[in-house]
Each structure stands twice: as structure tokens, then as C-alpha cells.
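Q: Before I ask anything, let me first share the structure, which is written out below as C-alpha cells.
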Amino acid sequence: MTNVQNDADRLVDAYLEYLRTAAEPLPANRRTELVEDVTAHIAEERAAGVSTEAEVRAMLARLGDPDELVAASTDGLVLVDRQPRVRAREVVALLLLLFGGLVMFPWFIGVYLLWTSDRWKLSEKLLGMVVWPFGLMGSIALLRIPIEPPTWLAIGLGAVILLAPLAATAVLLKNAQPGRSAT
Amino acid sequence: MVAEKVFTQLRRGTLEFCVLALLQGQERYGFELVKALGEVDGLVTTEGTIYPLLARLRREGLVETTWRESGSGPPRRYYQSTTEGRQALAAFTADWERFRNSVDTVLGRGRQG
């Protein structure tokens with residue numbers, strides 16, 4: 001008897017869980033109301049005597065597919081697939097541009113990802129090349145060139161060499177949002 | 001098969017007026033409405049879709065809701081028709097009768113000829 005009860009509960013829980021997930025694209029108030037109404041409906045049915053697993057199955061079948069209920073709740077709404085703000089693809093591109101130079105070859109993959117991305121405009125792709133060839137390794141290599149004696153100018157230049165790639169990366173990261181590409 | 005599609009559309013379009021009709025002079029809670037509609041042959045195929053319909057009627061101002069305690073279990077959301085709901089139902093009923101008579105007339109004529 002207790003097992004029968006548990007199976008029925010599990011069916012109801014699984015149904016409501018599916019409904020909650022399916023209703024995620026709805027505005028919060030519609031989602032809450034739909035889940036509330038269906039939960040109350042099931043409680044009424046069970047109070048009215050629906051108890052065995054077979055009865056619960058039949059009740060859920062009468063209620064309908066959760067996807068169908070969600071579709072019925074979209075009246076007057078336009079559902080849009082929202083893309084993630086920054087995709088992994090662009091993050092990988094920037095990381096490879098900055099650090100891929102440490103072992104040379106991955107930097108070329110970064111360049112490839114940069115130029116094939118549909119998230120950046122041409123000017124931004126060019127800016128991406130301000131991240132020196134081989135990224136920060138390029139900066140470090142440039143800084144190794146000895147200038148004797150170190151002048152303020154040399155120190156300033158060094159700072160620019162080191163900071164430019166970081167600044168360019170920051171700009172590209174900020175601009176890697178969807179829906180603004182030039183391609 | 002074709003008729004099935006047509007009736008899905010017809011049901012979708014007419015069900016809200018059946019809901020409004022059941023709410024004239026009487027407030028009902030959601031479950032009660034669903035069961036009352038379910039007793040009528042061929043009107044409701046998925047009970048759950050009536051809840052989104054009720055939510056829409058409220059957004060459109062055709063029904064109002066109030067929470068009331070129930071003797072057993074959690075409080076219930078009761079629906080009642082507004083004046084706008086009554087007017088919409090009256091307008092639909094007049095059009096529906098004309099439409100139904102027209103379709104019946106043509107179907108009957110086809111059968112005779």
C-alpha cells in the first residue's frame with residue numbers, strides 16, 4: 001500500500017518537475033500561476049479519490065502534456081532564443097591570443113578563431129592583432145630588448161607594450177555580445 | 001483527419017465563451033470549471049490547457065478572480081465574469097447562432113441535392 005502511494009507521488013512529482021522546467025521560458029508570473037494552478041488541480045483530484053498509480057497516470061493524461069500547457073500559456077508573447085552574452089568560443093580565442101604564444105602554435109588557433117568569429121567587427125578583429133604576435137610572450141620578448149640606460153621614455157614604452165594587449169583583450173571581451181556583428 | 005484539425009481550431013476559439021457561459025450568475029473555482037467542461041462531450045481534450053485560458057481571460061478583463069478558503073485543503077482561486085465578459089458572451093452567442101444556422105442550412109442543402 002505504501003509502495004503504491006509512493007509510485008503515485010513519484011509520478012506527480014516528475015510531472016510537476018517537467019512542467020516547471022518546460023515553463024522556464026515564460027515570464028515569471030505566468031510560470032508561477034501555471035504551476036500553481038496545475039498543482040492545485042492535482043491536489044483536488046487526489047482529494048477526490050485519485051490514488052492508485054493507474055488512476056494517477058490517467059489523471060495526468062487528462063491534464064495533458066506539460067509542453068502543451070506551456071504552449072497554451074504563450075498567448076500574446078514572442079519567445080526569443082536568448083544567446084549567452086559571451087560564448088566559450090570567443091573566450092577561448094582571447095585566451096589563446098594572450099597566452100597561446102607561450103607554446104607558439106596555439107596562438108595561431110587564437111588568430112583563426114578571432115577572424116572567423118561572427119561576434120566582432122572588422123575594426124575589432126584588427127584591434128585583436130594589437131595583442132602582439134604570440135601575445136604576452138611577444139610583449140615579454142620586446143621588453144627583453146635592452147635599452148641602456150633605462151629612460152622614462154623606455155619605461156613608458158614598456159608599459160604600453162605590456163598593457164596594450166590586455167586593454168585590447170578587455171575591449172574585445174566587452175564587445176563579444178550577440179546581435180551586433182558586422183559579418 | 002481534416003475534420004479533426006478543424007475541430008481543434010473550433011474548440012480553441014469557442015471554449016473561452018463556454019467558460020464565460022458557465023460563469024454567468026455563478027462564480028466557480030478552476031477545478032470545478034474544468035470538470036464541468038469535461039462532462040460535456042467533445043469539448044475538452046486536455047484539461048490542463050483550461051488554466052492558461054482562464055489566465056488569459058483575466059488578463060483581458062473578461063473574468064475576475066478571488067481567493068477563498070476551502071473546507072479542505074489549500075485556498076481556491078474563484079473566477080467570476082465581469083460586465084465585459086457578459087457583453088463578450090452576448091455578442092458571441094448572437095454571432096454563433098447565425099453562423100451555426102448558416103452552416104446547417106448549407107450542409108442540409110448539400111445533403112438534399
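Numbering starts fresh at 1 for the residues of each chain in the C-alpha cells, the chains themselves are lettered A, B, ... in the order given, and ligands are numbered from 1 as they appear.
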Run DSSP on the backbone and grab whatever in range 55-108 of chain B lands in alpha helix (DSSP H); send it over as a ChimeraX atom specification.
A: /B:55-59,83-108
Q: Export N, CA and C atoms of the chosen residues as a compact mmCIF listing (two decimals), in the first residue's frame?
A:
```txt
# COMPACT_ATOMS: atom_id res chain seq x y z
N ALA B 55 -6.32 32.26 -17.35
CA ALA B 55 -5.36 33.34 -17.09
C ALA B 55 -5.49 34.42 -18.15
N ARG B 56 -5.68 33.99 -19.40
CA ARG B 56 -5.82 34.97 -20.49
C ARG B 56 -7.11 35.77 -20.34
N LEU B 57 -8.21 35.09 -20.00
CA LEU B 57 -9.48 35.81 -19.81
C LEU B 57 -9.35 36.88 -18.73
N ARG B 58 -8.55 36.56 -17.70
CA ARG B 58 -8.35 37.55 -16.65
C ARG B 58 -7.52 38.72 -17.15
N ARG B 59 -6.45 38.41 -17.93
CA ARG B 59 -5.63 39.49 -18.49
C ARG B 59 -6.46 40.40 -19.37
N THR B 83 -18.51 42.57 -16.31
CA THR B 83 -19.51 43.10 -17.25
C THR B 83 -19.01 42.90 -18.68
N GLU B 84 -17.71 43.15 -18.88
CA GLU B 84 -17.12 42.97 -20.22
C GLU B 84 -17.28 41.51 -20.66
N GLY B 85 -17.12 40.59 -19.72
CA GLY B 85 -17.27 39.17 -20.02
C GLY B 85 -18.69 38.86 -20.46
N ARG B 86 -19.65 39.46 -19.76
CA ARG B 86 -21.05 39.20 -20.10
C ARG B 86 -21.35 39.75 -21.51
N GLN B 87 -20.83 40.95 -21.79
CA GLN B 87 -21.06 41.55 -23.10
C GLN B 87 -20.42 40.73 -24.22
N ALA B 88 -19.17 40.28 -23.97
CA ALA B 88 -18.48 39.47 -24.98
C ALA B 88 -19.25 38.19 -25.25
N LEU B 89 -19.78 37.59 -24.21
CA LEU B 89 -20.55 36.35 -24.36
C LEU B 89 -21.82 36.60 -25.17
N ALA B 90 -22.51 37.71 -24.87
CA ALA B 90 -23.76 38.02 -25.59
C ALA B 90 -23.48 38.21 -27.07
N ALA B 91 -22.39 38.96 -27.37
CA ALA B 91 -22.05 39.21 -28.78
C ALA B 91 -21.71 37.90 -29.48
N PHE B 92 -20.92 37.05 -28.79
CA PHE B 92 -20.53 35.77 -29.40
C PHE B 92 -21.77 34.91 -29.64
N THR B 93 -22.66 34.85 -28.65
CA THR B 93 -23.83 33.98 -28.76
C THR B 93 -24.67 34.34 -29.99
N ALA B 94 -24.86 35.64 -30.21
CA ALA B 94 -25.65 36.07 -31.37
C ALA B 94 -24.96 35.64 -32.67
N ASP B 95 -23.65 35.89 -32.76
CA ASP B 95 -22.90 35.53 -33.97
C ASP B 95 -22.88 34.02 -34.17
N TRP B 96 -22.71 33.31 -33.06
CA TRP B 96 -22.61 31.86 -33.14
C TRP B 96 -23.91 31.26 -33.67
N GLU B 97 -25.03 31.76 -33.20
CA GLU B 97 -26.32 31.22 -33.66
C GLU B 97 -26.50 31.45 -35.15
N ARG B 98 -26.11 32.64 -35.59
CA ARG B 98 -26.23 32.93 -37.02
C ARG B 98 -25.32 32.01 -37.83
N PHE B 99 -24.10 31.87 -37.35
CA PHE B 99 -23.09 31.04 -38.02
C PHE B 99 -23.54 29.58 -38.08
N ARG B 100 -24.01 29.09 -36.94
CA ARG B 100 -24.43 27.69 -36.85
C ARG B 100 -25.59 27.44 -37.81
N ASN B 101 -26.57 28.36 -37.84
CA ASN B 101 -27.72 28.20 -38.74
C ASN B 101 -27.28 28.20 -40.19
N SER B 102 -26.32 29.10 -40.50
CA SER B 102 -25.85 29.17 -41.89
C SER B 102 -25.18 27.87 -42.30
N VAL B 103 -24.29 27.36 -41.43
CA VAL B 103 -23.59 26.12 -41.76
C VAL B 103 -24.60 24.98 -41.89
N ASP B 104 -25.55 24.91 -40.95
CA ASP B 104 -26.57 23.87 -41.00
C ASP B 104 -27.38 23.94 -42.30
N THR B 105 -27.71 25.15 -42.68
CA THR B 105 -28.50 25.34 -43.90
C THR B 105 -27.75 24.79 -45.12
N VAL B 106 -26.48 25.19 -45.23
CA VAL B 106 -25.70 24.77 -46.40
C VAL B 106 -25.45 23.26 -46.37
N LEU B 107 -25.11 22.74 -45.20
CA LEU B 107 -24.87 21.29 -45.10
C LEU B 107 -26.15 20.54 -45.47
N GLY B 108 -27.30 21.03 -44.99
CA GLY B 108 -28.58 20.39 -45.28
C GLY B 108 -28.91 20.44 -46.76
```
Q: Would you kindly report the residues of chain A within 12 Å of chain B, using only C-alpha atoms, as an mmCIF file with C-alpha atoms, in the first residue's frame?
A:
```
data_model
loop_
_atom_site.group_PDB
_atom_site.id
_atom_site.type_symbol
_atom_site.label_atom_id
_atom_site.label_comp_id
_atom_site.auth_asym_id
_atom_site.auth_seq_id
_atom_site.Cartn_x
_atom_site.Cartn_y
_atom_site.Cartn_z
ATOM 1 C CA LEU A 19 6.249 21.285 -16.115
ATOM 2 C CA ALA A 23 7.700 26.651 -18.270
ATOM 3 C CA LEU A 26 7.589 32.006 -19.690
ATOM 4 C CA ASN A 29 4.199 35.493 -13.207
ATOM 5 C CA ARG A 30 2.750 33.240 -15.919
ATOM 6 C CA ARG A 31 5.051 30.411 -14.958
ATOM 7 C CA THR A 32 4.172 30.677 -11.271
ATOM 8 C CA GLU A 33 0.452 30.810 -11.993
ATOM 9 C CA LEU A 34 0.512 27.831 -14.364
ATOM 10 C CA VAL A 35 2.464 25.650 -11.936
ATOM 11 C CA GLU A 36 0.220 26.805 -9.054
ATOM 12 C CA ASP A 37 -2.981 26.020 -10.973
ATOM 13 C CA VAL A 38 -1.819 22.589 -12.089
ATOM 14 C CA THR A 39 -0.542 21.750 -8.581
ATOM 15 C CA ALA A 40 -3.926 22.768 -7.118
ATOM 16 C CA HIS A 41 -5.738 20.730 -9.781
ATOM 17 C CA ILE A 42 -3.764 17.608 -8.907
ATOM 18 C CA ALA A 43 -4.399 18.173 -5.186
ATOM 19 C CA GLU A 44 -8.153 18.441 -5.862
ATOM 20 C CA GLU A 45 -8.125 15.267 -7.948
ATOM 21 C CA ARG A 46 -6.276 13.351 -5.274
ATOM 22 C CA ALA A 47 -8.551 14.671 -2.527
ATOM 23 C CA ALA A 48 -11.464 13.473 -4.678
ATOM 24 C CA ALA A 58 -4.985 8.549 -16.215
ATOM 25 C CA MET A 59 -5.366 11.885 -14.392
ATOM 26 C CA LEU A 60 -2.040 13.193 -15.760
ATOM 27 C CA ALA A 61 -3.011 12.034 -19.255
ATOM 28 C CA ARG A 62 -6.266 14.012 -18.971
ATOM 29 C CA LEU A 63 -4.310 17.058 -17.795
ATOM 30 C CA GLY A 64 -2.170 16.897 -20.919
ATOM 31 C CA ASP A 65 1.476 17.094 -21.948
ATOM 32 C CA PRO A 66 3.302 19.825 -19.945
ATOM 33 C CA ASP A 67 4.736 21.170 -23.203
ATOM 34 C CA GLU A 68 1.201 21.625 -24.467
ATOM 35 C CA LEU A 69 0.203 23.540 -21.319
ATOM 36 C CA VAL A 70 3.230 25.814 -21.686
ATOM 37 C CA ALA A 71 2.418 26.396 -25.361
ATOM 38 C CA ALA A 72 -1.116 27.360 -24.329
ATOM 39 C CA SER A 73 0.380 29.898 -21.893
ATOM 40 C CA THR A 74 2.419 31.744 -24.524
ATOM 41 C CA ASP A 75 -0.585 33.664 -25.867
ATOM 42 C CA GLY A 76 0.468 37.178 -26.879
ATOM 43 C CA LEU A 77 4.155 36.515 -26.205
#
```
Q: Give me, please, the distance in Å between CA of Gln9 in chain B and CA of Glu24 in chain A, quoted to one decimal.
A: 26.4 Å
Q: Please indicate the distance in Å from CA of Leu62 in chain B to CA of Gln80 in chain B, rounded to one decimal place.
A: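 We find that CA of Leu62 in chain B and CA of Gln80 in chain B lie 8.7 Å from each other.
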Q: For Gly61 in chain B, which residue among B:Thr82, B:Lys5, B:Tyr29, B:Leu20 is the nearest when counting only C-alpha atoms?
A: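 Comparing B:Thr82, B:Lys5, B:Tyr29, B:Leu20 against Gly61 in chain B, the winner is B:Thr82.
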